[in-house]
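Scroll down for the structure; my scribbles are underneath it.
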Amino acid sequence: MNRSIVSGLAGLAGITGLAAGLGWAGPPVPARVDGNAVLRAPAGASEIVLTTTSRLAGAIHSLTWNGREFIDSHDHGRQLQSAASFDCAQTTPFWAERYNPTEAGSRADGTGGTSSSRLLKLTTTGAGAAGGPELRTRSQLAFWLAPGEESFGRPALNRTVLSDHLLAKRVRLGHQDMSQVIEYDVTFTLPAGERHTLAQFEALTGYMPPDFSKFWTFREDTGRLEPLDDGPGEQSHPVVFSTDDAAHAMGVLSAAPPPPGTTGPRYGRFRFEAEKVVKWNCVFRAHDGDNVRFGAYPFRLFVVVGTLEDVRQSLAILTQRRNAAPERPLPGADQ
């Protein structure tokens, strides 16, 4: 470290100590919340093990089943996590990364051991009468780009590293009698005082190792899987990624109607050859020519893991049950 910086920090520490002694100290710095947690539960022929880390501010770093890792957790973007993007009422074409609060942290965090996002709360509970083990977190999201950074020549619109956008999530292993289904609830809270005409909610994305090389679309009308090209692109039908031998697969399904004023779901798929990673997501959007409303935007999803046939069967059952007893839009209460 630069000597002048060390000297300056020492002087600042002395001033801070004097201010505290005279009663001038500012608000206390919140204690760091431990983001390391592990959930595990039997699931079919194996068990699901889900891991979060402080490095990623409580975002999901790892998901394993039957000897296979499903998440390619490299930097602070490649996780099982949530993010949002906004246009800041710009008239220029929308570019998602320009104003992009992200659960796990920022691009500048790289492969480092800390996150620019701030974990505010993390709790876990064991299996009980309500179902399998459960994780709940609440976090303040960092922008993906720092002020002054660019994404493909497009400059960041944010002026701070840490946003005022909040994210609450609830993750439970198992759903009713279906052990290979993960319940995944997320609520984005948009702060008052920001003006946007477009909000794009990546309610959930999964970055997976490249050996999940087969892309599939699940047809909710027939209960069948059909091969899907690389895209990239979005569609209205859920997506499933699997290994070549169909022994390991992951799929995602929206479980509840989107909040009022929001469209979706749209399911995306991407293959990044150079980075050796594949990605799926489930996206919702809100448009308002005057101002997208602030407040809570809740979403409920199911993530399914197992063999390709396990995933297909689970998605078919989930779809049948959802259609037989459709849920109302979630109330948006903080979790």
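Please note that chains go A, B, ... in the order of the structure tokens, that every chain numbers its residues from 1, and that ligands are numbered from 1 in the order shown.
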Next on the checklist: Run DSSP on the backbone and tell me which residues of segment 43-166 of chain A come out as helix (DSSP H, G or I); list them as a ChimeraX atom specification.
Outcome noted: /A:54-56,96-98,107-109
Checklist entry - Which one is closest to Lys169 of chain A: A:Ser73, A:Thr123, A:Thr263, A:Thr307? Count only C-alpha atoms. => result A:Thr123
Checklist entry - What is the atom CA of Glu47 of chain A-atom CA of Gln81 of chain A distance in Å, reported with one decimal? => result 20.9 Å
Next on the checklist: Please extract the residues of segment 135-231 of chain A with a backbone DSSP assignment of strand (DSSP E) and present them as an NGL selection string.
Outcome noted: :A and (135-143 or 150-151 or 154-155 or 162-175 or 178-190 or 198-208 or 214-219 or 224-227)
Checklist entry - With distances taken over only C-alpha atoms, which of A:Gln79, A:Gly113, A:Ile48, A:Gly153 is nearest to Arg98 of chain A? => result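 Counting only C-alpha atoms, the residue closest to Arg98 of chain A is A:Gly153.
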Checklist entry - Quick one: residues within 6 Å of Asn291 of chain A, only C-alpha atoms counted, chain neighbours fewer than 5 positions away excluded, as a PyMOL selection string? => result chain A and resi 195-197
Take the selection from the previous step and output its residues with N, CA and C atoms, as a PDB file, in the first residue's frame.
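Produced file part_38.pdb, reproduced below:
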```pdb
ATOM      1  N   ARG A 195     -36.167   7.682 -11.333  1.00  0.00           N
ATOM      2  CA  ARG A 195     -37.107   7.723 -12.455  1.00  0.00           C
ATOM      3  C   ARG A 195     -36.657   6.761 -13.537  1.00  0.00           C
ATOM      4  N   HIS A 196     -37.534   5.810 -13.843  1.00  0.00           N
ATOM      5  CA  HIS A 196     -37.277   4.837 -14.895  1.00  0.00           C
ATOM      6  C   HIS A 196     -38.561   4.622 -15.688  1.00  0.00           C
ATOM      7  N   THR A 197     -38.415   4.414 -16.981  1.00  0.00           N
ATOM      8  CA  THR A 197     -39.567   4.040 -17.793  1.00  0.00           C
ATOM      9  C   THR A 197     -39.558   2.557 -18.143  1.00  0.00           C
TER      10      THR A 197
END
```
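The coordinates place atom CA of Pro265 of chain A at 23.1 Å from atom CA of Pro191 of chain A.
One distance worth recording is that between atom CA of Cys282 of chain A and atom CA of Thr114 of chain A, which is 26.6 Å.
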Checklist entry - Nearest to Asp221 of chain A: which of A:Val186, A:Ile317, A:Ala127, A:Ala45 is it, counting only C-alpha atoms? => result A:Ile317
Could you list, with a cut-off of 12 Å and counting only C-alpha atoms, the residues of segment 127-160 of chain A near segment 116-122 of chain A, each shown with its nearest atom pair and the distance in Å rounded to one decimal, rows sorted by chain and ascending number, as a tab-separated table?
```
residue	atom	partner	partner_atom	distance
A:Glu134	CA	A:Leu122	CA	10.7
A:Leu135	CA	A:Leu122	CA	7.3
A:Arg136	CA	A:Leu122	CA	5.6
A:Thr137	CA	A:Leu122	CA	4.4
A:Arg138	CA	A:Lys121	CA	5.1
A:Ser139	CA	A:Leu119	CA	4.4
A:Gln140	CA	A:Arg118	CA	5.0
A:Leu141	CA	A:Ser117	CA	4.7
A:Ala142	CA	A:Ser117	CA	4.4
A:Phe143	CA	A:Ser117	CA	8.1
A:Trp144	CA	A:Ser116	CA	9.1
A:Leu145	CA	A:Ser116	CA	10.7
A:Ala146	CA	A:Ser116	CA	9.9
A:Thr160	CA	A:Ser116	CA	10.8
```
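Residue nearest Gln176 of chain A within the list A:Asn323, A:Ser62, A:Ser314, A:Thr124: A:Ser314 [criterion: smallest interatomic distance, only C-alpha atoms].
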Checklist entry - Skipping near chain neighbours, those fewer than 2 positions away, what residues fall within 10 Å of Gly112 of chain A using only C-alpha atoms, listed as an MDAnalysis selection string? => result chainID A and resid 55:56 74:76 108:110 114:115
Next on the checklist: Report as a ChimeraX atom specification all protein, DNA and RNA residues lying within 7 Å of Ser179 of chain A, evaluated on only C-alpha atoms, omitting residues in the same chain fewer than 5 positions from it.
Outcome noted: /A:42-44,174
Using the selection just defined, write its residues with C-alpha atoms as a tab-separated table (two decimals), in the first residue's frame.
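In the end it all went to result_19.tsv:
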```tsv
chain	number	residue	atom	x	y	z
A	42	PRO	CA	-32.52	-35.89	0.20
A	43	ALA	CA	-33.66	-35.60	-3.41
A	44	GLY	CA	-34.39	-38.69	-5.45
A	174	GLY	CA	-38.39	-29.50	-1.62
```
Checklist entry - If we count only C-alpha atoms, what is near Phe294 of chain A at a cut-off of 12 Å, once residues fewer than 6 positions away on the same chain are taken out, given as a ChimeraX atom specification? => result /A:164-166,188-199,261,286,288,332
